[in-house]
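Here is target-v3.pdb, consisting of PDB, C-alpha atoms and all ligand atoms:
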ATOM      1  CA  MET A1281     -62.137  66.003 -47.441  1.00  0.00           C
ATOM      2  CA  ALA A1282     -63.858  62.679 -46.970  1.00  0.00           C
ATOM      3  CA  THR A1283     -67.593  62.753 -46.562  1.00  0.00           C
ATOM      4  CA  GLU A1284     -69.593  60.301 -44.502  1.00  0.00           C
ATOM      5  CA  PHE A1285     -70.238  57.071 -46.382  1.00  0.00           C
ATOM      6  CA  ASN A1286     -73.750  56.635 -47.680  1.00  0.00           C
ATOM      7  CA  THR A1287     -76.537  54.389 -46.436  1.00  0.00           C
ATOM      8  CA  ASP A1288     -75.903  51.763 -49.099  1.00  0.00           C
ATOM      9  CA  ALA A1289     -72.298  51.442 -48.010  1.00  0.00           C
ATOM     10  CA  LYS A1290     -73.292  51.297 -44.337  1.00  0.00           C
ATOM     11  CA  ASN A1291     -75.835  48.565 -45.040  1.00  0.00           C
ATOM     12  CA  LYS A1292     -73.331  46.557 -47.039  1.00  0.00           C
ATOM     13  CA  ILE A1293     -70.799  46.721 -44.202  1.00  0.00           C
ATOM     14  CA  ALA A1294     -73.428  45.883 -41.562  1.00  0.00           C
ATOM     15  CA  GLU A1295     -74.493  42.860 -43.629  1.00  0.00           C
ATOM     16  CA  ALA A1296     -70.866  41.710 -43.783  1.00  0.00           C
ATOM     17  CA  LEU A1297     -70.594  42.072 -39.997  1.00  0.00           C
ATOM     18  CA  LYS A1298     -73.662  39.940 -39.213  1.00  0.00           C
ATOM     19  CA  PRO A1299     -72.152  36.525 -40.081  1.00  0.00           C
ATOM     20  CA  ILE A1300     -68.985  37.550 -38.239  1.00  0.00           C
ATOM     21  CA  LEU A1301     -71.095  38.328 -35.163  1.00  0.00           C
ATOM     22  CA  ALA A1302     -72.918  35.004 -35.518  1.00  0.00           C
ATOM     23  CA  GLU A1303     -69.720  32.998 -35.915  1.00  0.00           C
ATOM     24  CA  SER A1304     -68.073  34.831 -33.014  1.00  0.00           C
ATOM     25  CA  VAL A1305     -70.959  33.680 -30.805  1.00  0.00           C
ATOM     26  CA  GLN A1306     -70.781  30.156 -32.238  1.00  0.00           C
ATOM     27  CA  LEU A1307     -67.027  30.096 -31.644  1.00  0.00           C
ATOM     28  CA  TYR A1308     -67.617  31.382 -28.097  1.00  0.00           C
ATOM     29  CA  VAL A1309     -69.988  28.493 -27.346  1.00  0.00           C
ATOM     30  CA  LEU A1310     -67.670  25.945 -28.979  1.00  0.00           C
ATOM     31  CA  THR A1311     -64.763  27.312 -26.919  1.00  0.00           C
ATOM     32  CA  LEU A1312     -66.809  26.949 -23.721  1.00  0.00           C
ATOM     33  CA  ASN A1313     -67.706  23.394 -24.696  1.00  0.00           C
ATOM     34  CA  VAL A1314     -64.015  22.497 -24.983  1.00  0.00           C
ATOM     35  CA  HIS A1315     -63.112  24.435 -21.809  1.00  0.00           C
ATOM     36  CA  TRP A1316     -65.694  22.550 -19.791  1.00  0.00           C
ATOM     37  CA  ASN A1317     -65.507  19.075 -21.309  1.00  0.00           C
ATOM     38  CA  VAL A1318     -61.924  18.425 -22.396  1.00  0.00           C
ATOM     39  CA  THR A1319     -60.370  15.368 -20.745  1.00  0.00           C
ATOM     40  CA  GLY A1320     -57.022  13.592 -20.766  1.00  0.00           C
ATOM     41  CA  PRO A1321     -53.376  14.562 -20.315  1.00  0.00           C
ATOM     42  CA  MET A1322     -53.858  17.836 -22.251  1.00  0.00           C
ATOM     43  CA  PHE A1323     -56.605  18.968 -19.883  1.00  0.00           C
ATOM     44  CA  GLN A1324     -54.698  21.712 -18.055  1.00  0.00           C
ATOM     45  CA  GLY A1325     -53.273  23.396 -21.167  1.00  0.00           C
ATOM     46  CA  VAL A1326     -56.469  23.239 -23.202  1.00  0.00           C
ATOM     47  CA  HIS A1327     -58.626  24.298 -20.252  1.00  0.00           C
ATOM     48  CA  LEU A1328     -56.481  27.402 -19.638  1.00  0.00           C
ATOM     49  CA  LEU A1329     -56.048  28.392 -23.304  1.00  0.00           C
ATOM     50  CA  THR A1330     -59.776  28.140 -23.996  1.00  0.00           C
ATOM     51  CA  GLU A1331     -60.488  30.264 -20.914  1.00  0.00           C
ATOM     52  CA  GLU A1332     -58.256  33.030 -22.294  1.00  0.00           C
ATOM     53  CA  GLN A1333     -60.035  32.704 -25.628  1.00  0.00           C
ATOM     54  CA  TYR A1334     -63.630  32.867 -24.382  1.00  0.00           C
ATOM     55  CA  LEU A1335     -62.801  35.780 -22.073  1.00  0.00           C
ATOM     56  CA  GLU A1336     -61.383  37.671 -25.055  1.00  0.00           C
ATOM     57  CA  LEU A1337     -64.345  36.793 -27.284  1.00  0.00           C
ATOM     58  CA  ALA A1338     -67.110  38.084 -24.988  1.00  0.00           C
ATOM     59  CA  PRO A1339     -66.317  41.832 -25.228  1.00  0.00           C
ATOM     60  CA  ALA A1340     -65.394  41.444 -28.911  1.00  0.00           C
ATOM     61  CA  ILE A1341     -68.873  40.080 -29.634  1.00  0.00           C
ATOM     62  CA  ASP A1342     -70.337  43.177 -27.970  1.00  0.00           C
ATOM     63  CA  GLU A1343     -68.065  45.441 -30.053  1.00  0.00           C
ATOM     64  CA  ILE A1344     -69.130  43.815 -33.327  1.00  0.00           C
ATOM     65  CA  ALA A1345     -72.846  44.028 -32.421  1.00  0.00           C
ATOM     66  CA  GLU A1346     -72.521  47.680 -31.407  1.00  0.00           C
ATOM     67  CA  ARG A1347     -70.729  48.476 -34.654  1.00  0.00           C
ATOM     68  CA  ILE A1348     -73.724  47.009 -36.537  1.00  0.00           C
ATOM     69  CA  ARG A1349     -76.000  49.313 -34.471  1.00  0.00           C
ATOM     70  CA  THR A1350     -73.728  52.300 -35.148  1.00  0.00           C
ATOM     71  CA  LEU A1351     -74.068  51.587 -38.864  1.00  0.00           C
ATOM     72  CA  GLY A1352     -77.848  51.821 -38.456  1.00  0.00           C
ATOM     73  CA  GLN A1353     -79.025  48.214 -38.389  1.00  0.00           C
ATOM     74  CA  LYS A1354     -80.400  45.979 -35.684  1.00  0.00           C
ATOM     75  CA  ALA A1355     -77.888  43.446 -34.380  1.00  0.00           C
ATOM     76  CA  PRO A1356     -78.975  39.805 -34.789  1.00  0.00           C
ATOM     77  CA  ALA A1357     -79.299  38.508 -31.236  1.00  0.00           C
ATOM     78  CA  SER A1358     -81.039  35.149 -31.174  1.00  0.00           C
ATOM     79  CA  LEU A1359     -79.657  31.614 -31.357  1.00  0.00           C
ATOM     80  CA  GLY A1360     -81.897  31.006 -34.377  1.00  0.00           C
ATOM     81  CA  ALA A1361     -80.496  34.030 -36.213  1.00  0.00           C
ATOM     82  CA  PHE A1362     -76.932  33.014 -35.385  1.00  0.00           C
ATOM     83  CA  ALA A1363     -77.575  29.494 -36.690  1.00  0.00           C
ATOM     84  CA  LYS A1364     -78.873  30.940 -39.986  1.00  0.00           C
ATOM     85  CA  LEU A1365     -76.045  33.462 -40.392  1.00  0.00           C
ATOM     86  CA  GLY A1366     -73.085  31.387 -39.231  1.00  0.00           C
ATOM     87  CA  SER A1367     -71.534  28.096 -40.355  1.00  0.00           C
ATOM     88  CA  ILE A1368     -69.640  26.972 -37.245  1.00  0.00           C
ATOM     89  CA  GLN A1369     -71.029  23.656 -36.047  1.00  0.00           C
ATOM     90  CA  ASP A1370     -71.818  22.771 -32.452  1.00  0.00           C
ATOM     91  CA  GLY A1371     -69.116  20.927 -30.551  1.00  0.00           C
ATOM     92  CA  ASP A1372     -69.207  17.374 -29.225  1.00  0.00           C
ATOM     93  CA  GLU A1373     -68.731  17.242 -25.478  1.00  0.00           C
ATOM     94  CA  ASN A1374     -67.642  13.586 -25.723  1.00  0.00           C
ATOM     95  CA  ALA A1375     -64.905  14.117 -28.331  1.00  0.00           C
ATOM     96  CA  ASP A1376     -61.281  13.509 -27.344  1.00  0.00           C
ATOM     97  CA  ALA A1377     -58.897  16.431 -26.766  1.00  0.00           C
ATOM     98  CA  GLN A1378     -57.277  16.173 -30.229  1.00  0.00           C
ATOM     99  CA  ALA A1379     -60.647  16.253 -31.990  1.00  0.00           C
ATOM    100  CA  MET A1380     -61.734  19.195 -29.830  1.00  0.00           C
ATOM    101  CA  LEU A1381     -58.589  21.139 -30.750  1.00  0.00           C
ATOM    102  CA  LYS A1382     -59.167  20.331 -34.435  1.00  0.00           C
ATOM    103  CA  SER A1383     -62.761  21.573 -34.205  1.00  0.00           C
ATOM    104  CA  LEU A1384     -61.538  24.841 -32.671  1.00  0.00           C
ATOM    105  CA  ILE A1385     -58.878  25.263 -35.370  1.00  0.00           C
ATOM    106  CA  ALA A1386     -61.540  24.674 -38.052  1.00  0.00           C
ATOM    107  CA  ALA A1387     -63.850  27.236 -36.419  1.00  0.00           C
ATOM    108  CA  GLN A1388     -61.062  29.804 -36.064  1.00  0.00           C
ATOM    109  CA  THR A1389     -60.169  29.244 -39.733  1.00  0.00           C
ATOM    110  CA  GLN A1390     -63.815  29.633 -40.784  1.00  0.00           C
ATOM    111  CA  ILE A1391     -64.174  32.987 -39.038  1.00  0.00           C
ATOM    112  CA  THR A1392     -60.845  34.189 -40.416  1.00  0.00           C
ATOM    113  CA  GLY A1393     -62.125  33.515 -43.924  1.00  0.00           C
ATOM    114  CA  ARG A1394     -65.261  35.499 -43.099  1.00  0.00           C
ATOM    115  CA  ILE A1395     -63.357  38.492 -41.727  1.00  0.00           C
ATOM    116  CA  ARG A1396     -60.766  38.937 -44.473  1.00  0.00           C
ATOM    117  CA  PRO A1397     -63.153  39.987 -47.307  1.00  0.00           C
ATOM    118  CA  ALA A1398     -65.194  42.115 -44.868  1.00  0.00           C
ATOM    119  CA  ILE A1399     -62.080  44.193 -44.119  1.00  0.00           C
ATOM    120  CA  ALA A1400     -61.819  44.954 -47.831  1.00  0.00           C
ATOM    121  CA  THR A1401     -65.540  45.809 -48.007  1.00  0.00           C
ATOM    122  CA  ALA A1402     -65.165  48.280 -45.125  1.00  0.00           C
ATOM    123  CA  ALA A1403     -61.889  49.749 -46.381  1.00  0.00           C
ATOM    124  CA  ASP A1404     -63.258  50.218 -49.914  1.00  0.00           C
ATOM    125  CA  ALA A1405     -66.186  52.185 -48.461  1.00  0.00           C
ATOM    126  CA  GLY A1406     -63.840  54.363 -46.391  1.00  0.00           C
ATOM    127  CA  ASP A1407     -65.057  52.846 -43.112  1.00  0.00           C
ATOM    128  CA  GLU A1408     -61.724  52.742 -41.313  1.00  0.00           C
ATOM    129  CA  VAL A1409     -63.372  52.076 -37.957  1.00  0.00           C
ATOM    130  CA  THR A1410     -64.919  48.787 -39.086  1.00  0.00           C
ATOM    131  CA  ALA A1411     -61.780  47.890 -41.057  1.00  0.00           C
ATOM    132  CA  GLY A1412     -59.723  48.500 -37.907  1.00  0.00           C
ATOM    133  CA  LEU A1413     -62.084  46.540 -35.674  1.00  0.00           C
ATOM    134  CA  LEU A1414     -61.992  43.610 -38.087  1.00  0.00           C
ATOM    135  CA  THR A1415     -58.221  43.789 -38.495  1.00  0.00           C
ATOM    136  CA  ASP A1416     -57.939  43.461 -34.712  1.00  0.00           C
ATOM    137  CA  ARG A1417     -60.292  40.458 -34.817  1.00  0.00           C
ATOM    138  CA  LEU A1418     -58.237  38.873 -37.622  1.00  0.00           C
ATOM    139  CA  THR A1419     -55.070  39.280 -35.529  1.00  0.00           C
ATOM    140  CA  VAL A1420     -56.705  37.486 -32.588  1.00  0.00           C
ATOM    141  CA  HIS A1421     -58.106  34.616 -34.676  1.00  0.00           C
ATOM    142  CA  GLU A1422     -54.835  34.024 -36.554  1.00  0.00           C
ATOM    143  CA  LYS A1423     -52.899  33.945 -33.270  1.00  0.00           C
ATOM    144  CA  ALA A1424     -55.472  31.557 -31.785  1.00  0.00           C
ATOM    145  CA  GLN A1425     -54.955  29.196 -34.738  1.00  0.00           C
ATOM    146  CA  TRP A1426     -51.207  29.163 -34.105  1.00  0.00           C
ATOM    147  CA  MET A1427     -51.675  28.422 -30.398  1.00  0.00           C
ATOM    148  CA  LEU A1428     -54.229  25.660 -30.973  1.00  0.00           C
ATOM    149  CA  ARG A1429     -52.061  24.076 -33.692  1.00  0.00           C
ATOM    150  CA  ALA A1430     -48.976  24.280 -31.472  1.00  0.00           C
ATOM    151  CA  MET A1431     -50.876  22.431 -28.765  1.00  0.00           C
ATOM    152  CA  LEU A1432     -51.622  19.597 -31.197  1.00  0.00           C
ATOM    153  CA  GLY A1433     -47.841  19.208 -31.675  1.00  0.00           C
TER     154      GLY A1433
HETATM  155 FE    FE A1501     -63.759  28.188 -16.301  1.00  0.00          FE
END
What does the file become when written as structure tokens?
Amino acid sequence: MATEFNTDAKNKIAEALKPILAESVQLYVLTLNVHWNVTGPMFQGVHLLTEEQYLELAPAIDEIAERIRTLGQKAPASLGAFAKLGSIQDGDENADAQAMLKSLIAAQTQITGRIRPAIATAADAGDEVTAGLLTDRLTVHEKAQWMLRAMLG
């Protein structure tokens, strides 16, 4: 019979979730930037795809933050904290559509690389809930990479 994982394990998992929360917010803002500012013949497709993506990200960000709270830690919730924890750079509202798509692919790849080891951290500690949540996030971010790449042609 599995017992509840200990505080050390919970803290370790919460710490792994914090940069994922930060980068999810950074990706959300970058996605909005592209949604609002993309121009050119690809406008319609990019505008609609990024809308789907930011609408999906908003509740996911809440889920990740609430999982950190469930594990007993405060959720980072300031732009300063997100900038310290995450590595996704701000977008350029004047970039062309191709460069915007490339910046989104890079951001989606960055967060994927953050999530993968955190799944192992959670699974090793017997935290199937976090492992499941992160596996769902990985599915979304991998699919997003495919769609963004496909749009580049
Ligand atoms: Fe919109």
Contacts to ligand FE 1501 (chain A) at 9 Å cut-off (all atoms listed in the file) as a PyMOL selection string: chain A and resi 1312+1315-1316+1327-1328+1330-1331
Expansion of the PyMOL selection byres (((chain A and resi 1352-1365) around 10) and not hetatm) into residues, as an MDAnalysis selection string: chainID A and resid 1287 1290:1291 1294:1295 1297:1306 1342 1344:1351 1366:1370
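Minimum atom-to-atom distances from A:Ile1385, A:Ala1411, A:Leu1428, A:Thr1319 to Pro1397 in chain A were compared using all atoms listed in the file, and the lowest value belongs to A:Ala1411.
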For CA of Ala1379 in chain A and CA of Arg1417 in chain A, the interatomic separation in Å (one decimal):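 Going from CA of Ala1379 in chain A over to CA of Arg1417 in chain A, I get 24.4 Å.
Separating CA of Thr1392 in chain A from CA of Gly1320 in chain A is a distance of 28.7 Å.
Nearest to Leu1413 in chain A of all the residues A:Ala1296, A:Met1427, A:Thr1389, A:Ala1340 is A:Ala1340, based on all atoms listed in the file.
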Target residues per the PyMOL selection byres (((chain A and resi 1426) around 12) and not hetatm), formatted as a PyMOL selection string: chain A and resi 1329+1381-1382+1384-1386+1388-1389+1419-1425+1427-1433
Limited to C-alpha atoms, could you put the picked residues into a file as a PDB file, keeping the file's coordinate frame?
ATOM      1  CA  LEU A1329     -56.048  28.392 -23.304  1.00  0.00           C
ATOM      2  CA  LEU A1381     -58.589  21.139 -30.750  1.00  0.00           C
ATOM      3  CA  LYS A1382     -59.167  20.331 -34.435  1.00  0.00           C
ATOM      4  CA  LEU A1384     -61.538  24.841 -32.671  1.00  0.00           C
ATOM      5  CA  ILE A1385     -58.878  25.263 -35.370  1.00  0.00           C
ATOM      6  CA  ALA A1386     -61.540  24.674 -38.052  1.00  0.00           C
ATOM      7  CA  GLN A1388     -61.062  29.804 -36.064  1.00  0.00           C
ATOM      8  CA  THR A1389     -60.169  29.244 -39.733  1.00  0.00           C
ATOM      9  CA  THR A1419     -55.070  39.280 -35.529  1.00  0.00           C
ATOM     10  CA  VAL A1420     -56.705  37.486 -32.588  1.00  0.00           C
ATOM     11  CA  HIS A1421     -58.106  34.616 -34.676  1.00  0.00           C
ATOM     12  CA  GLU A1422     -54.835  34.024 -36.554  1.00  0.00           C
ATOM     13  CA  LYS A1423     -52.899  33.945 -33.270  1.00  0.00           C
ATOM     14  CA  ALA A1424     -55.472  31.557 -31.785  1.00  0.00           C
ATOM     15  CA  GLN A1425     -54.955  29.196 -34.738  1.00  0.00           C
ATOM     16  CA  MET A1427     -51.675  28.422 -30.398  1.00  0.00           C
ATOM     17  CA  LEU A1428     -54.229  25.660 -30.973  1.00  0.00           C
ATOM     18  CA  ARG A1429     -52.061  24.076 -33.692  1.00  0.00           C
ATOM     19  CA  ALA A1430     -48.976  24.280 -31.472  1.00  0.00           C
ATOM     20  CA  MET A1431     -50.876  22.431 -28.765  1.00  0.00           C
ATOM     21  CA  LEU A1432     -51.622  19.597 -31.197  1.00  0.00           C
ATOM     22  CA  GLY A1433     -47.841  19.208 -31.675  1.00  0.00           C
TER      23      GLY A1433
END
Interatomic distance, CA of Asn1374 in chain A to CA of Phe1323 in chain A (Å, one decimal): 13.6 Å
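Residue nearest Leu1337 in chain A within the list A:Thr1311, A:Asn1317, A:Gln1324, A:Thr1415: A:Thr1311 [criterion: smallest interatomic distance, only C-alpha atoms].
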Answer key for the PyMOL selection byres (((chain A and resi 1399) around 8) and not hetatm), residues as an NGL selection string: :A and (1395-1398 or 1400-1403 or 1410-1412 or 1414-1415)
